[in-house]
>>> print(open('entry-v2.txt').read())   # compact mmCIF, C-alpha atoms
# COMPACT_ATOMS: atom_id res chain seq x y z
CA MET A 3 6.14 33.33 -10.77
CA LYS A 4 9.86 32.70 -10.59
CA GLU A 5 11.49 30.34 -12.97
CA ARG A 6 11.82 26.97 -11.28
CA LYS A 7 15.22 26.26 -9.79
CA LYS A 8 16.88 22.88 -9.62
CA VAL A 9 15.47 21.54 -6.39
CA SER A 10 17.71 19.64 -3.96
CA ASN A 11 17.03 16.02 -3.12
CA SER A 12 16.22 16.70 0.52
CA VAL A 13 13.53 19.20 -0.50
CA VAL A 14 12.14 16.75 -3.06
CA LYS A 15 11.78 14.12 -0.36
CA ARG A 16 9.57 16.46 1.64
CA LEU A 17 7.30 17.27 -1.31
CA PRO A 18 4.87 14.36 -0.87
CA ARG A 19 4.38 15.40 2.75
CA TYR A 20 3.70 19.02 1.82
CA TYR A 21 1.35 17.85 -0.91
CA ARG A 22 -0.53 15.54 1.43
CA PHE A 23 -0.74 18.08 4.20
CA LEU A 24 -1.83 20.96 1.96
CA GLY A 25 -4.49 18.69 0.43
CA GLU A 26 -5.89 17.97 3.89
CA ILE A 27 -6.11 21.61 4.95
CA LYS A 28 -7.46 22.63 1.53
CA ASN A 29 -10.28 20.11 2.03
CA SER A 30 -10.96 21.57 5.45
CA GLY A 31 -11.76 24.90 3.76
CA MET A 32 -8.74 26.99 4.75
CA ILE A 33 -7.58 29.55 2.17
CA ARG A 34 -4.21 30.76 3.45
CA ILE A 35 -1.69 29.49 5.96
CA SER A 36 1.38 31.14 7.48
CA SER A 37 4.76 29.47 7.54
CA GLY A 38 4.50 29.61 11.35
CA GLU A 39 1.26 27.65 11.37
CA LEU A 40 2.58 25.19 8.77
CA SER A 41 5.65 24.80 10.94
CA ARG A 42 3.60 24.05 14.06
CA ARG A 43 1.48 21.48 12.24
CA MET A 44 4.20 19.78 10.24
CA GLY A 45 6.98 19.73 12.80
CA LEU A 46 9.49 21.62 10.62
CA THR A 47 10.93 25.05 11.42
CA ALA A 48 9.23 28.03 9.78
CA SER A 49 12.47 29.08 8.10
CA GLN A 50 12.90 25.55 6.71
CA ILE A 51 9.41 25.76 5.25
CA ARG A 52 10.00 29.19 3.74
CA GLN A 53 13.24 27.96 2.20
CA ASP A 54 11.62 24.80 0.85
CA LEU A 55 8.59 26.51 -0.67
CA ASN A 56 10.64 29.34 -2.07
CA ASN A 57 11.89 26.78 -4.59
CA PHE A 58 8.54 26.58 -6.29
CA GLY A 59 7.62 30.16 -6.89
CA ASP A 60 6.17 33.15 -5.06
CA PHE A 61 3.37 31.61 -3.07
CA GLY A 62 4.09 33.34 0.17
CA GLN A 63 3.16 36.94 0.72
CA GLN A 64 4.78 38.62 3.70
CA GLY A 65 2.17 38.90 6.43
CA TYR A 66 -0.48 36.99 4.49
CA GLY A 67 0.97 33.51 4.37
CA TYR A 68 0.62 31.00 1.58
CA ASN A 69 -2.31 30.50 -0.74
CA ILE A 70 -3.10 26.88 0.01
CA THR A 71 -4.81 25.91 -3.26
CA ASP A 72 -2.15 27.50 -5.46
CA LEU A 73 0.66 25.92 -3.53
CA HIS A 74 -1.06 22.52 -3.47
CA ASN A 75 -1.64 22.68 -7.22
CA GLU A 76 1.89 23.75 -7.98
CA ILE A 77 3.44 20.99 -5.88
CA GLY A 78 1.01 18.54 -7.49
CA LYS A 79 2.24 19.63 -10.92
CA ILE A 80 5.84 19.13 -9.87
CA LEU A 81 4.95 15.65 -8.63
CA GLY A 82 3.17 14.94 -11.90
CA VAL A 83 -0.23 14.12 -10.39
CA GLU A 84 -2.00 15.56 -13.43
CA ASN A 85 -0.32 13.07 -15.75
CA LYS A 86 -1.84 9.81 -16.80
CA LYS A 87 1.28 7.71 -16.99
CA LYS A 88 0.36 4.34 -18.44
CA THR A 89 1.25 1.81 -15.79
CA ILE A 90 1.36 -1.97 -15.57
CA LEU A 91 1.64 -4.10 -12.46
CA ILE A 92 3.41 -7.43 -12.49
CA GLY A 93 2.83 -10.00 -9.79
CA ALA A 94 -0.78 -10.41 -8.68
CA GLY A 95 -0.09 -12.46 -5.53
CA ASN A 96 -0.98 -11.21 -2.05
CA LEU A 97 1.13 -8.10 -2.24
CA GLY A 98 0.42 -7.16 -5.88
CA ASN A 99 -3.26 -7.73 -5.37
CA ALA A 100 -3.28 -5.43 -2.34
CA ILE A 101 -1.22 -2.74 -4.06
CA ALA A 102 -3.49 -2.82 -7.13
CA ALA A 103 -6.66 -2.68 -5.06
CA HIS A 104 -5.47 -0.33 -2.32
CA MET A 105 -3.58 2.48 -4.07
CA SER A 106 -5.20 5.54 -5.64
CA PHE A 107 -2.98 5.41 -8.70
CA GLU A 108 -5.03 7.86 -10.75
CA LYS A 109 -4.96 10.55 -8.02
CA ARG A 110 -1.17 10.43 -8.18
CA GLY A 111 -0.77 10.61 -11.94
CA PHE A 112 -0.68 6.92 -12.80
CA ASP A 113 -3.13 5.07 -15.02
CA LEU A 114 -3.11 1.35 -14.22
CA ILE A 115 -3.90 -0.35 -17.53
CA GLY A 116 -2.67 -3.92 -17.11
CA ILE A 117 -1.94 -6.55 -14.46
CA PHE A 118 0.20 -9.60 -15.21
CA ASP A 119 1.18 -12.80 -13.46
CA SER A 120 2.92 -15.99 -14.49
CA ASN A 121 0.79 -18.14 -12.18
CA PRO A 122 -2.11 -19.73 -14.15
CA SER A 123 -4.22 -19.85 -10.99
CA LEU A 124 -4.19 -16.04 -10.88
CA THR A 125 -4.60 -15.20 -14.56
CA GLY A 126 -8.18 -14.52 -15.57
CA LYS A 127 -9.01 -13.17 -12.09
CA PHE A 128 -10.27 -9.56 -11.95
CA ILE A 129 -8.52 -6.97 -9.80
CA ARG A 130 -9.74 -3.38 -9.86
CA GLY A 131 -11.74 -4.20 -12.98
CA LEU A 132 -8.67 -5.47 -14.83
CA LYS A 133 -8.33 -9.09 -15.88
CA VAL A 134 -4.97 -10.53 -14.82
CA LYS A 135 -3.08 -11.53 -17.98
CA PRO A 136 -0.35 -14.15 -18.33
CA VAL A 137 3.20 -12.78 -18.48
CA SER A 138 3.51 -14.40 -21.91
CA GLN A 139 1.27 -11.60 -23.25
CA LEU A 140 3.53 -8.87 -21.90
CA ASP A 141 5.48 -8.29 -25.13
CA ASP A 142 2.36 -7.91 -27.24
CA PHE A 143 0.71 -5.67 -24.68
CA CYS A 144 3.74 -3.38 -24.36
CA GLY A 145 4.06 -3.19 -28.15
CA LYS A 146 0.48 -1.99 -28.47
CA GLU A 147 -0.07 0.06 -25.30
CA LYS A 148 3.41 1.43 -24.68
CA PRO A 149 3.25 1.60 -20.87
CA GLU A 150 5.76 3.93 -19.23
CA VAL A 151 5.74 2.64 -15.67
CA ALA A 152 5.94 -0.85 -14.18
CA VAL A 153 5.03 -1.81 -10.61
CA LEU A 154 6.98 -4.93 -9.65
CA CYS A 155 5.42 -7.05 -6.91
CA LEU A 156 7.75 -9.93 -7.55
CA PRO A 157 10.49 -11.88 -5.84
CA TYR A 158 14.10 -11.06 -6.74
CA GLU A 159 14.58 -13.87 -9.28
CA ALA A 160 11.39 -13.09 -11.19
CA ALA A 161 12.25 -9.38 -11.30
CA GLU A 162 15.77 -10.17 -12.48
CA LYS A 163 14.35 -12.22 -15.37
CA LEU A 164 11.73 -9.66 -16.41
CA VAL A 165 13.37 -6.26 -16.07
CA ASN A 166 15.44 -6.38 -19.25
CA LYS A 167 12.34 -7.32 -21.24
CA LEU A 168 10.44 -4.37 -19.72
CA TYR A 169 13.33 -1.99 -20.27
CA GLU A 170 13.68 -3.12 -23.89
CA ALA A 171 9.95 -2.45 -24.28
CA GLY A 172 10.62 1.17 -23.31
CA ILE A 173 9.65 1.13 -19.62
CA LYS A 174 12.06 3.30 -17.69
CA ASN A 175 10.08 3.98 -14.51
CA TYR A 176 9.72 1.37 -11.79
CA TRP A 177 7.91 1.10 -8.50
CA ASN A 178 9.94 -1.79 -7.22
CA PHE A 179 8.85 -4.00 -4.32
CA SER A 180 11.50 -6.60 -5.14
CA HIS A 181 15.10 -6.50 -3.91
CA PHE A 182 16.45 -6.60 -7.45
CA ASP A 183 18.61 -3.52 -8.04
CA ILE A 184 17.17 -2.02 -11.23
CA LYS A 185 19.02 1.27 -10.95
CA LYS A 186 22.39 -0.49 -10.88
CA LEU A 187 21.54 -2.27 -14.13
CA TYR A 188 19.85 0.70 -15.83
CA PRO A 189 21.19 3.94 -14.34
CA ASP A 190 18.93 6.04 -16.59
CA SER A 191 15.76 4.51 -15.15
CA ALA A 192 13.67 6.14 -12.40
CA VAL A 193 13.21 3.70 -9.54
CA GLU A 194 11.39 3.95 -6.24
CA ASN A 195 12.14 0.94 -4.09
CA VAL A 196 9.84 -0.27 -1.33
CA HIS A 197 11.76 -2.78 0.73
CA LEU A 198 9.21 -3.99 3.24
CA SER A 199 11.43 -6.59 4.85
CA ASP A 200 14.25 -4.07 5.35
CA SER A 201 11.77 -1.75 7.00
CA LEU A 202 10.65 -4.52 9.35
CA LEU A 203 14.29 -5.31 10.19
CA MET A 204 14.89 -1.64 10.98
CA LEU A 205 11.96 -1.75 13.38
CA GLY A 206 13.58 -4.80 14.95
CA PHE A 207 16.76 -2.81 15.46
CA HIS A 208 15.05 0.21 16.96
CA SER A 209 12.72 -1.85 19.12
CA ASN A 210 15.71 -3.74 20.49
CA GLU A 211 16.96 -0.45 21.83
CA ASN A 212 13.48 0.09 23.22
CA LEU A 213 12.69 -3.23 24.90
CA MET B 19 35.29 -9.47 19.90
CA LYS B 20 35.40 -5.73 20.47
CA GLU B 21 32.84 -4.11 22.64
CA ARG B 22 30.05 -2.79 20.46
CA LYS B 23 30.26 0.92 19.71
CA LYS B 24 27.31 3.23 19.27
CA VAL B 25 26.56 2.79 15.59
CA SER B 26 25.67 5.80 13.43
CA ASN B 27 22.29 6.04 11.77
CA SER B 28 23.67 5.82 8.24
CA VAL B 29 25.39 2.53 9.07
CA VAL B 30 22.23 1.22 10.72
CA LYS B 31 20.26 1.93 7.56
CA ARG B 32 22.61 -0.30 5.58
CA LEU B 33 22.34 -3.21 8.05
CA PRO B 34 19.25 -4.86 6.49
CA ARG B 35 21.02 -4.85 3.12
CA TYR B 36 24.16 -6.43 4.56
CA TYR B 37 22.02 -8.97 6.39
CA ARG B 38 20.04 -9.84 3.27
CA PHE B 39 23.10 -10.05 1.07
CA LEU B 40 25.16 -12.13 3.51
CA GLY B 41 22.20 -14.50 3.91
CA GLU B 42 22.10 -15.03 0.16
CA ILE B 43 25.79 -15.80 -0.20
CA LYS B 44 25.76 -17.95 2.94
CA ASN B 45 23.01 -20.04 1.34
CA SER B 46 25.09 -20.35 -1.81
CA GLY B 47 27.76 -22.13 0.28
CA MET B 48 30.48 -19.47 0.42
CA ILE B 49 32.54 -19.39 3.63
CA ARG B 50 34.53 -16.17 3.42
CA ILE B 51 34.31 -13.01 1.37
CA SER B 52 36.75 -10.12 0.97
CA SER B 53 35.70 -6.51 1.36
CA GLY B 54 36.67 -6.04 -2.30
CA GLU B 55 34.28 -8.75 -3.44
CA LEU B 56 31.54 -7.47 -1.14
CA SER B 57 32.17 -4.04 -2.57
CA ARG B 58 31.84 -5.22 -6.15
CA ARG B 59 28.62 -7.08 -5.42
CA MET B 60 26.95 -4.50 -3.22
CA GLY B 61 27.95 -1.34 -5.02
CA LEU B 62 29.65 0.24 -1.99
CA THR B 63 33.36 1.07 -1.75
CA ALA B 64 35.58 -1.50 -0.01
CA SER B 65 36.71 1.07 2.54
CA GLN B 66 33.08 1.95 3.28
CA ILE B 67 32.35 -1.71 3.91
CA ARG B 68 35.40 -2.14 6.14
CA GLN B 69 34.38 0.92 8.13
CA ASP B 70 30.76 -0.24 8.44
CA LEU B 71 31.56 -3.78 9.49
CA ASN B 72 34.27 -2.66 11.87
CA ASN B 73 31.43 -1.40 14.05
CA PHE B 74 30.29 -4.90 14.88
CA GLY B 75 33.46 -6.64 15.92
CA ASP B 76 36.50 -8.32 14.41
CA PHE B 77 35.03 -10.32 11.57
CA GLY B 78 37.58 -9.40 8.98
CA GLN B 79 41.02 -10.91 8.93
CA GLN B 80 43.58 -9.14 6.80
CA GLY B 81 44.06 -11.18 3.65
CA TYR B 82 41.34 -13.68 4.51
CA GLY B 83 38.20 -11.58 4.28
CA TYR B 84 35.09 -11.93 6.39
CA ASN B 85 33.61 -15.09 7.81
CA ILE B 86 30.17 -14.94 6.22
CA THR B 87 28.22 -17.00 8.74
CA ASP B 88 29.66 -15.21 11.77
CA LEU B 89 29.05 -11.80 10.27
CA HIS B 90 25.52 -12.73 9.16
CA ASN B 91 24.71 -14.05 12.64
CA GLU B 92 26.13 -11.00 14.38
CA ILE B 93 24.21 -8.55 12.20
CA GLY B 94 21.10 -10.69 12.70
CA LYS B 95 21.55 -10.38 16.46
CA ILE B 96 21.89 -6.62 16.21
CA LEU B 97 18.68 -6.51 14.16
CA GLY B 98 16.97 -8.72 16.73
CA VAL B 99 16.00 -11.53 14.34
CA GLU B 100 16.40 -14.09 17.11
CA ASN B 101 13.75 -12.41 19.23
CA LYS B 102 10.12 -13.39 19.26
CA LYS B 103 8.57 -10.00 19.76
CA LYS B 104 4.83 -10.47 20.29
CA THR B 105 3.18 -8.58 17.48
CA ILE B 106 -0.37 -7.66 16.57
CA LEU B 107 -1.65 -6.35 13.25
CA ILE B 108 -4.57 -3.98 13.06
CA GLY B 109 -6.49 -3.47 9.83
CA ALA B 110 -7.21 -6.64 7.86
CA GLY B 111 -8.32 -4.96 4.63
CA ASN B 112 -6.45 -5.40 1.34
CA LEU B 113 -3.19 -4.07 2.63
CA GLY B 114 -3.25 -5.62 6.11
CA ASN B 115 -4.26 -8.95 4.66
CA ALA B 116 -1.35 -8.85 2.21
CA ILE B 117 1.15 -7.76 4.85
CA ALA B 118 0.00 -10.51 7.22
CA ALA B 119 0.11 -13.18 4.54
CA HIS B 120 3.19 -11.99 2.66
CA MET B 121 5.77 -11.10 5.31
CA SER B 122 8.08 -13.58 7.02
CA PHE B 123 7.60 -12.01 10.42
CA GLU B 124 9.14 -14.87 12.37
CA LYS B 125 12.35 -14.85 10.31
CA ARG B 126 12.82 -11.22 11.31
CA GLY B 127 12.20 -11.60 15.02
CA PHE B 128 8.46 -10.91 15.16
CA ASP B 129 5.79 -13.31 16.35
CA LEU B 130 2.41 -12.36 14.88
CA ILE B 131 -0.11 -13.41 17.53
CA GLY B 132 -3.24 -11.41 16.72
CA ILE B 133 -5.04 -9.67 13.85
CA PHE B 134 -7.78 -7.13 14.47
CA ASP B 135 -10.30 -5.20 12.40
CA SER B 136 -13.32 -3.06 13.17
CA ASN B 137 -15.19 -4.23 10.06
CA PRO B 138 -17.62 -7.07 10.97
CA SER B 139 -17.36 -8.47 7.44
CA LEU B 140 -13.66 -9.18 8.08
CA THR B 141 -13.78 -10.46 11.65
CA GLY B 142 -13.92 -14.23 11.92
CA LYS B 143 -11.96 -14.64 8.69
CA PHE B 144 -8.67 -16.55 8.94
CA ILE B 145 -5.39 -15.00 7.79
CA ARG B 146 -2.17 -16.92 8.27
CA GLY B 147 -4.01 -19.27 10.60
CA LEU B 148 -5.16 -16.42 12.85
CA LYS B 149 -8.83 -15.55 13.24
CA VAL B 150 -9.41 -11.82 12.72
CA LYS B 151 -10.80 -10.40 15.97
CA PRO B 152 -12.95 -7.32 16.45
CA VAL B 153 -11.11 -4.21 17.67
CA SER B 154 -13.41 -4.24 20.70
CA GLN B 155 -11.40 -7.23 22.00
CA LEU B 156 -8.10 -5.36 21.75
CA ASP B 157 -7.98 -4.23 25.40
CA ASP B 158 -8.61 -7.69 26.76
CA PHE B 159 -6.14 -9.25 24.37
CA CYS B 160 -3.38 -6.76 25.21
CA GLY B 161 -4.03 -7.21 28.93
CA LYS B 162 -3.52 -10.96 28.62
CA GLU B 163 -0.92 -11.30 25.88
CA LYS B 164 1.12 -8.13 26.37
CA PRO B 165 2.12 -7.60 22.74
CA GLU B 166 5.14 -5.33 22.21
CA VAL B 167 4.72 -4.42 18.55
CA ALA B 168 1.75 -3.22 16.50
CA VAL B 169 1.51 -3.21 12.71
CA LEU B 170 -0.94 -0.51 11.65
CA CYS B 171 -2.58 -1.06 8.27
CA LEU B 172 -5.12 1.66 8.86
CA PRO B 173 -6.14 5.03 7.48
CA TYR B 174 -5.01 8.16 9.33
CA GLU B 175 -8.21 8.70 11.33
CA ALA B 176 -8.42 5.11 12.55
CA ALA B 177 -4.76 5.15 13.58
CA GLU B 178 -5.22 8.47 15.38
CA LYS B 179 -8.08 6.97 17.40
CA LEU B 180 -6.28 3.73 18.27
CA VAL B 181 -2.69 4.66 18.99
CA ASN B 182 -3.19 6.07 22.48
CA LYS B 183 -5.07 2.90 23.46
CA LEU B 184 -2.18 0.78 22.16
CA TYR B 185 0.43 2.95 23.81
CA GLU B 186 -1.43 2.83 27.12
CA ALA B 187 -1.48 -0.96 26.76
CA GLY B 188 2.32 -0.89 26.69
CA ILE B 189 2.99 -1.11 22.94
CA LYS B 190 5.91 1.13 22.07
CA ASN B 191 6.98 -0.31 18.72
CA TYR B 192 5.05 0.40 15.55
CA TRP B 193 5.26 -0.64 11.93
CA ASN B 194 3.11 2.13 10.63
CA PHE B 195 1.50 2.12 7.17
CA SER B 196 -0.75 5.05 8.08
CA HIS B 197 0.20 8.70 7.75
CA PHE B 198 -0.50 9.35 11.42
CA ASP B 199 2.66 10.67 13.07
CA ILE B 200 3.12 8.36 16.06
CA LYS B 201 6.64 9.51 16.86
CA LYS B 202 5.52 13.11 17.23
CA LEU B 203 2.90 12.05 19.79
CA TYR B 204 5.09 9.50 21.59
CA PRO B 205 8.76 10.39 21.11
CA ASP B 206 9.90 7.37 23.13
CA SER B 207 8.25 4.92 20.74
CA ALA B 208 10.12 3.09 17.96
CA VAL B 209 8.37 3.70 14.66
CA GLU B 210 9.08 2.53 11.14
CA ASN B 211 6.81 4.29 8.68
CA VAL B 212 5.94 2.85 5.29
CA HIS B 213 4.31 5.62 3.28
CA LEU B 214 3.33 3.91 0.07
CA SER B 215 1.56 6.88 -1.47
CA ASP B 216 4.55 9.16 -0.79
CA SER B 217 6.76 6.63 -2.51
CA LEU B 218 4.46 6.58 -5.52
CA LEU B 219 4.48 10.39 -5.65
CA MET B 220 8.28 10.37 -5.57
CA LEU B 221 8.27 8.04 -8.55
CA GLY B 222 5.96 10.53 -10.24
CA PHE B 223 8.49 13.28 -9.62
CA HIS B 224 11.46 11.30 -10.87
CA SER B 225 9.61 9.91 -13.87
CA ASN B 226 8.61 13.42 -14.84
CA GLU B 227 12.26 14.19 -15.20
CA ASN B 228 12.57 11.02 -17.22
CA LEU B 229 9.64 11.23 -19.65
>>> encode(input="entry-v2.txt", output="structure tokens")
Amino acid sequence: MKERKKVSNSVVKRLPRYYRFLGEIKNSGMIRISSGELSRRMGLTASQIRQDLNNFGDFGQQGYGYNITDLHNEIGKILGVENKKKTILIGAGNLGNAIAAHMSFEKRGFDLIGIFDSNPSLTGKFIRGLKVKPVSQLDDFCGKEKPEVAVLCLPYEAAEKLVNKLYEAGIKNYWNFSHFDIKKLYPDSAVENVHLSDSLLMLGFHSNENL
Amino acid sequence: MKERKKVSNSVVKRLPRYYRFLGEIKNSGMIRISSGELSRRMGLTASQIRQDLNNFGDFGQQGYGYNITDLHNEIGKILGVENKKKTILIGAGNLGNAIAAHMSFEKRGFDLIGIFDSNPSLTGKFIRGLKVKPVSQLDDFCGKEKPEVAVLCLPYEAAEKLVNKLYEAGIKNYWNFSHFDIKKLYPDSAVENVHLSDSLLMLGFHSNENL
């Protein structure tokens, strides 16, 4: 296998899709797939696919296509799905509750070990087998458990107040549903933002063109 | 006001952020803001901001900055927030329930008028004052109410089965939380995808680099 090159951002963005798609066809029992067939199914050009996958080692064999399981595993490794990153979720309202209950964290390399909320009417409730703890216990918990990832299902102001505490406790990876700009404050953190309301506004824009 | 130009995709993607940010400072009572100040606060260059906003008319006045309310209103219009697009949500499980309860649809130009699920244990339940209806009533409902937008909080297979029915019923705008590729099937539809699991995988990738 080739040594791994530095992979460009546009390729990285396509990795989850490759991973998802290869997982589906692996489950369907296929062993190998050609770049042409991948291209047809994924809506990318075959040469784009060959270029993309070439970044991760020699999985293609001229005339034989790609070994699906090997490629799926390798992309999974790159995405860190075999890790068990200790993860906490803060904000157990409607959205946090749904995210905690709905997402397969463990399949994607995350181990959800704690859920926190500042609202006394939510603390004590069980979500996904975890008892929601008050935010006042966050310091203690982080000191003992050393989580690496925080999922923030919080409004802007609450996120703004909490992030420096989390960062000080050693958390540098954030799945951020708030509009608070963590990356601007801590450029060395890894942040994935999910801005649901921006996405809805974008639909408004595109549907305007459509109506 | 200048006639509106065709706005590039990269500018469009920044519109929700401008809209959100201008709304915040409008609420704080500010009247005007310079591109320099906007730049400092939003983390874009002043010339970038001038270029972006120049697309939407003459809101800036040399030396005086932008009129915040006018600019906020104009961007809101472009994003269609004054519309009342009739919207249905399908899939009232954890995620759909949270999306229905959590999002300010009406503030963003969407009027949520119906919620549907195929699971009998969810139908009859009230979410946001709407009674969850069985999917079997979808045809009738669409015939009468003529919704324009569908929010899909469904797994791939369920979305795959439903989309052609929705499209046939005249729905061409989708806020899609499933991995089913609606745009590929119906290129003339407007689709905003929210792929939560892809976002989580991306965090896995970036945190790997970070750990």
>>> closest_residue(input="entry-v2.txt", among="A:Pro189, A:Gly59, A:Gly82, A:Gly131", to="chain B", atoms="only C-alpha atoms")
A:Gly82
>>> atom_distance(input="entry-v2.txt", atom1="CA of Lys183 in chain B", atom2="CA of Asn101 in chain B")
24.6 Å
>>> atom_distance(input="entry-v2.txt", atom1="CA of Leu124 in chain A", atom2="CA of Gly172 in chain A")
25.9 Å
>>> interface_residues(input="entry-v2.txt", of="chain B", to="chain A", cutoff="7 Å", atoms="all atoms listed in the file", output="ChimeraX atom specification")
/B:34,96-98,112-113,116,119-120,126-127,191,193,208-210,216-217,219-226,228
>>> write_last_selection(input="entry-v2.txt", atoms="C-alpha atoms", output="PDB file, keeping the file's coordinate frame")
ATOM      1  CA  PRO B  34      19.250  -4.860   6.490  1.00  0.00           C
ATOM      2  CA  ILE B  96      21.890  -6.620  16.210  1.00  0.00           C
ATOM      3  CA  LEU B  97      18.680  -6.510  14.160  1.00  0.00           C
ATOM      4  CA  GLY B  98      16.970  -8.720  16.730  1.00  0.00           C
ATOM      5  CA  ASN B 112      -6.450  -5.400   1.340  1.00  0.00           C
ATOM      6  CA  LEU B 113      -3.190  -4.070   2.630  1.00  0.00           C
ATOM      7  CA  ALA B 116      -1.350  -8.850   2.210  1.00  0.00           C
ATOM      8  CA  ALA B 119       0.110 -13.180   4.540  1.00  0.00           C
ATOM      9  CA  HIS B 120       3.190 -11.990   2.660  1.00  0.00           C
ATOM     10  CA  ARG B 126      12.820 -11.220  11.310  1.00  0.00           C
ATOM     11  CA  GLY B 127      12.200 -11.600  15.020  1.00  0.00           C
ATOM     12  CA  ASN B 191       6.980  -0.310  18.720  1.00  0.00           C
ATOM     13  CA  TRP B 193       5.260  -0.640  11.930  1.00  0.00           C
ATOM     14  CA  ALA B 208      10.120   3.090  17.960  1.00  0.00           C
ATOM     15  CA  VAL B 209       8.370   3.700  14.660  1.00  0.00           C
ATOM     16  CA  GLU B 210       9.080   2.530  11.140  1.00  0.00           C
ATOM     17  CA  ASP B 216       4.550   9.160  -0.790  1.00  0.00           C
ATOM     18  CA  SER B 217       6.760   6.630  -2.510  1.00  0.00           C
ATOM     19  CA  LEU B 219       4.480  10.390  -5.650  1.00  0.00           C
ATOM     20  CA  MET B 220       8.280  10.370  -5.570  1.00  0.00           C
ATOM     21  CA  LEU B 221       8.270   8.040  -8.550  1.00  0.00           C
ATOM     22  CA  GLY B 222       5.960  10.530 -10.240  1.00  0.00           C
ATOM     23  CA  PHE B 223       8.490  13.280  -9.620  1.00  0.00           C
ATOM     24  CA  HIS B 224      11.460  11.300 -10.870  1.00  0.00           C
ATOM     25  CA  SER B 225       9.610   9.910 -13.870  1.00  0.00           C
ATOM     26  CA  ASN B 226       8.610  13.420 -14.840  1.00  0.00           C
ATOM     27  CA  ASN B 228      12.570  11.020 -17.220  1.00  0.00           C
TER      28      ASN B 228
END
>>> atom_distance(input="entry-v2.txt", atom1="CA of Ser37 in chain A", atom2="CA of Ser10 in chain A")
19.9 Å
>>> residues_around(input="entry-v2.txt", residues="Tyr158 in chain A", least_positions_apart="3", cutoff="8 Å", atoms="only C-alpha atoms", output="list in words")
Ala161, Glu162, Ser180, His181 and Phe182 of chain A
>>> residues_around(input="entry-v2.txt", residues="Ala152 in chain A", least_positions_apart="3", cutoff="10 Å", atoms="all atoms listed in the file", output="ChimeraX atom specification")
/A:88-92,114,116-117,149,155,165,168-169,173-178,193
>>> residues_around(input="entry-v2.txt", residues="range 137-142 of chain A", least_positions_apart="2", cutoff="10 Å", atoms="all atoms listed in the file", output="JSON, numbers by chain")
{"A": [90, 92, 93, 116, 117, 118, 119, 120, 121, 122, 125, 134, 135, 144, 145, 146, 147, 148, 164, 167, 168, 170, 171]}
>>> closest_residue(input="entry-v2.txt", among="B:Lys149, B:Lys179, B:Lys44, B:Lys201", to="Asp88 in chain B", atoms="all atoms listed in the file")
B:Lys44
>>> closest_residue(input="entry-v2.txt", among="A:Lys127, A:Arg34, A:Arg52, A:Lys86", to="Ile115 in chain A", atoms="only C-alpha atoms")
A:Lys86
>>> closest_residue(input="entry-v2.txt", among="A:Asn11, A:Tyr68, A:Leu55, A:Gly25", to="Glu39 in chain A", atoms="only C-alpha atoms")
A:Tyr68
>>> residues_around(input="entry-v2.txt", residues="Met48 in chain B", least_positions_apart="3", cutoff="10 Å", atoms="all atoms listed in the file", output="VMD selection string")
chain B and resid 40 42 to 45 51 85 to 87
>>> axis_aligned_box(input="entry-v2.txt", around="range 166-169 of chain A", padding_each_side="8 Å", output="AutoDock Vina command-line options")
--center_x 12.9 --center_y -4.7 --center_z -20.2 --size_x 21.0 --size_y 21.3 --size_z 18.0
>>> residues_around(input="entry-v2.txt", residues="Ser49 in chain A", least_positions_apart="4", cutoff="9 Å", atoms="only C-alpha atoms", output="count of residues only")
5
>>> decode(input="entry-v2.txt", residues="range 138-161 of chain A", atoms="C-alpha atoms", output="PDB file, in the first residue's frame")
ATOM      1  CA  SER A 138     -22.815  22.192  37.355  1.00  0.00           C
ATOM      2  CA  GLN A 139     -21.314  18.675  37.345  1.00  0.00           C
ATOM      3  CA  LEU A 140     -19.483  19.250  34.077  1.00  0.00           C
ATOM      4  CA  ASP A 141     -16.132  20.233  35.617  1.00  0.00           C
ATOM      5  CA  ASP A 142     -15.996  17.198  37.870  1.00  0.00           C
ATOM      6  CA  PHE A 143     -17.068  14.885  35.080  1.00  0.00           C
ATOM      7  CA  CYS A 144     -14.480  16.225  32.631  1.00  0.00           C
ATOM      8  CA  GLY A 145     -11.766  15.994  35.287  1.00  0.00           C
ATOM      9  CA  LYS A 146     -12.513  12.315  35.836  1.00  0.00           C
ATOM     10  CA  GLU A 147     -13.580  11.097  32.387  1.00  0.00           C
ATOM     11  CA  LYS A 148     -11.527  13.339  30.121  1.00  0.00           C
ATOM     12  CA  PRO A 149     -13.958  13.510  27.191  1.00  0.00           C
ATOM     13  CA  GLU A 150     -12.435  14.543  23.865  1.00  0.00           C
ATOM     14  CA  VAL A 151     -15.532  15.592  21.945  1.00  0.00           C
ATOM     15  CA  ALA A 152     -18.508  17.790  22.817  1.00  0.00           C
ATOM     16  CA  VAL A 153     -21.817  17.920  20.950  1.00  0.00           C
ATOM     17  CA  LEU A 154     -23.409  21.326  21.515  1.00  0.00           C
ATOM     18  CA  CYS A 155     -27.190  21.435  21.134  1.00  0.00           C
ATOM     19  CA  LEU A 156     -27.423  24.861  22.664  1.00  0.00           C
ATOM     20  CA  PRO A 157     -28.426  28.390  21.744  1.00  0.00           C
ATOM     21  CA  TYR A 158     -25.665  30.883  20.920  1.00  0.00           C
ATOM     22  CA  GLU A 159     -25.494  32.518  24.366  1.00  0.00           C
ATOM     23  CA  ALA A 160     -25.283  29.226  26.251  1.00  0.00           C
ATOM     24  CA  ALA A 161     -22.571  27.946  23.902  1.00  0.00           C
TER      25      ALA A 161
END
